[in-house]
Amino acid sequence: MRIYYDEVSKNIVLGATTRLFATESLVASADRGRVSVVYRANNFRELFIRHTQVLREDGSPAGSTLTAVIDYLNTEFNKSPFVEGGGSAAVPIYVQPNEVYTVSTDTQALFRKRIKIGDGARIKLKGILVGV
Amino acid sequence: MSYKFNPFTGTFDLVTPVLTGWAQYLDTEYSAASPFEIVEGTTVTLPNNAGNNIITYLPQGVTALYDASTQKLTPAAVGDYNAITVRFNAEASSTSAYLEFGIDTGNPAGPIFRDVKVFPKGAGVVHPFTFTCMGFSLNNFKNNGGIVKITATGGDVEIYDINYHFARLIPA
């Protein structure tokens, strides 16, 4: 079955495109030689399958070993719509050279402690800085 | 017909045969270590090799209520009212999986005694299932026998400890 992070719906697809889970809500592990996928909120096992049954979005095998497949799944499960390359729903803030832009720490601009600064731009951070 | 001498009346009384009875047929081929696998989206005949049976209490004159070679439940007569119980343990690969059950008697309308079961305890967890079918056997069922059919949908399913229990409750 195809298991992947869907860039369009911003959710994890578990087999069927109608079966969606929020990002970071699932965790994969090995159990009795198979892949176990558990829903974190209630510790409920959603899947229990052989590693050879796990496919990527394009239908190719997710890995040749149990460990490789679990690594692939946990990478997919932890993809976020807020990181670069995810077709992000986050709003980019453009700061021109010599422009000062004030960002409060509770905005999503500081999500995962990341701020991207263009060449020649200056940025002034206001409030509690959790890391840049 | 048979008669038995009654020493109190000095007459021969008609002995009524025991027409009700039951039998149990246990599969010995599939186990937790080596289960029967149903791939998602397929309908299969539930296997039962009847390797371990209880047939002591069959109705008088009836030799079997299940034929392991054809995998068919075999009612004793047209017009009987029976209780058929199918039990097994199953594990699904996904919580979205469910089982569709039915007994195929060759009826053009499809299997009878249809039922659906889900896996509420999650994937990879053993679920004991019991399908109880109370119903009559008419010409279709008597002439064709009944094949237990299982469909797995939404995920693969592994089945073992398969057990058929067939009781003839009301003879025709």
# chains A, B, ... in the order shown; residues from 1 in each chain; ligands from 1
$ closest_atom_pairs --of "chain B" --to "chain A" --cutoff "12 Å" --atoms "only C-alpha atoms" --output "CSV"
residue,atom,partner,partner_atom,distance
B:Ala33,CA,A:Arg32,CA,11.7
B:Val39,CA,A:Gln53,CA,11.5
B:Glu40,CA,A:Met1,CA,10.5
B:Glu91,CA,A:Phe48,CA,9.2
B:Ala92,CA,A:Phe48,CA,7.5
B:Ser93,CA,A:Phe48,CA,4.7
B:Ser94,CA,A:Leu47,CA,4.5
B:Thr95,CA,A:Glu46,CA,5.2
B:Ser96,CA,A:Glu46,CA,7.9
B:Ala97,CA,A:Leu47,CA,9.9
B:Phe119,CA,A:Glu46,CA,10.6
B:Pro120,CA,A:Phe44,CA,10.0
B:Lys121,CA,A:Phe44,CA,8.1
B:Gly122,CA,A:Arg45,CA,5.3
B:Ala123,CA,A:Leu47,CA,5.2
B:Gly124,CA,A:Phe48,CA,5.1
B:Val125,CA,A:Arg45,CA,8.6
B:Val126,CA,A:Phe48,CA,11.7
B:Gly154,CA,A:Ala16,CA,8.9
B:Gly155,CA,A:Leu47,CA,9.0
B:Asp156,CA,A:Ile49,CA,8.5
B:Val157,CA,A:Ile49,CA,10.3
B:Glu158,CA,A:Ile49,CA,11.2
$ write_last_selection --atoms "C-alpha atoms" --output "compact mmCIF listing (two decimals), in the first residue's frame"
# COMPACT_ATOMS: atom_id res chain seq x y z
CA ALA B 33 2.03 -19.50 13.63
CA VAL B 39 -5.56 -10.63 0.44
CA GLU B 40 -7.47 -7.36 0.50
CA GLU B 91 -5.88 -10.40 12.59
CA ALA B 92 -6.10 -7.54 10.13
CA SER B 93 -3.26 -5.56 8.61
CA SER B 94 -5.23 -2.32 8.95
CA THR B 95 -7.85 -0.87 11.24
CA SER B 96 -9.88 0.02 8.18
CA ALA B 97 -10.24 -3.69 7.34
CA PHE B 119 -11.61 -5.04 13.90
CA PRO B 120 -12.16 -2.62 16.78
CA LYS B 121 -9.00 -3.54 18.67
CA GLY B 122 -6.69 -2.36 15.89
CA ALA B 123 -4.31 -3.85 13.37
CA GLY B 124 -2.18 -6.86 14.22
CA VAL B 125 -4.34 -7.73 17.22
CA VAL B 126 -6.15 -11.07 17.53
CA GLY B 154 -9.68 -2.47 3.52
CA GLY B 155 -6.73 -4.66 4.46
CA ASP B 156 -5.29 -8.16 4.43
CA VAL B 157 -6.62 -10.60 7.01
CA GLU B 158 -5.07 -13.68 8.61
$ residues_around --residues "Arg2 (chain A)" --least-positions-apart "4" --cutoff "7 Å" --atoms "only C-alpha atoms" --output "list in words"
Leu14, Gly15, Val54, Leu55, Arg56, Glu57 and Gly59 of chain A
$ write_last_selection --atoms "C-alpha atoms" --output "short mmCIF file (atom, residue, chain, number, x, y, z; two decimals), in the first residue's frame"
data_model
loop_
_atom_site.label_atom_id
_atom_site.label_comp_id
_atom_site.auth_asym_id
_atom_site.auth_seq_id
_atom_site.Cartn_x
_atom_site.Cartn_y
_atom_site.Cartn_z
CA LEU A 14 -2.24 5.71 4.63
CA GLY A 15 -3.07 3.36 1.78
CA VAL A 54 4.91 -0.48 1.85
CA LEU A 55 5.13 1.63 -1.31
CA ARG A 56 6.12 5.22 -1.97
CA GLU A 57 3.80 7.72 -3.58
CA GLY A 59 4.33 3.02 -6.34
#
$ closest_atom_pairs --of "region 85-122 of chain B" --to "region 15-31 of chain B" --cutoff "12 Å" --atoms "only C-alpha atoms" --output "Markdown table"
| residue | atom | partner | partner_atom | distance |
| --- | --- | --- | --- | --- |
| B:Thr85 | CA | B:Gln24 | CA | 9.3 |
| B:Val86 | CA | B:Tyr25 | CA | 9.7 |
| B:Arg87 | CA | B:Leu26 | CA | 9.5 |
| B:Phe88 | CA | B:Asp27 | CA | 9.7 |
| B:Asn89 | CA | B:Ser31 | CA | 9.2 |
| B:Ala90 | CA | B:Ser31 | CA | 10.4 |
| B:Glu91 | CA | B:Ser31 | CA | 11.9 |
$ closest_residue --among "A:Ile70, A:Glu76, A:Arg40, A:Gly33" --to "Val13 (chain A)" --atoms "only C-alpha atoms"
A:Glu76
$ closest_residue --among "B:Pro128, B:Pro59, B:Pro35, B:Gly106" --to "Ala76 (chain B)" --atoms "only C-alpha atoms"
B:Pro59
$ select_by_dssp --residues "chain B" --states "strand (DSSP E or B)" --output "NGL selection string"
:B and (2-6 or 11-15 or 21-26 or 36-38 or 43-45 or 52-54 or 66-67 or 72-73 or 80-92 or 94 or 98-104 or 112-118 or 127-137 or 146-153 or 157-170)
$ closest_residue --among "A:Thr17, A:Asn42, A:Asn74, A:Ser9" --to "Ala30 (chain A)" --atoms "only C-alpha atoms"
A:Asn74
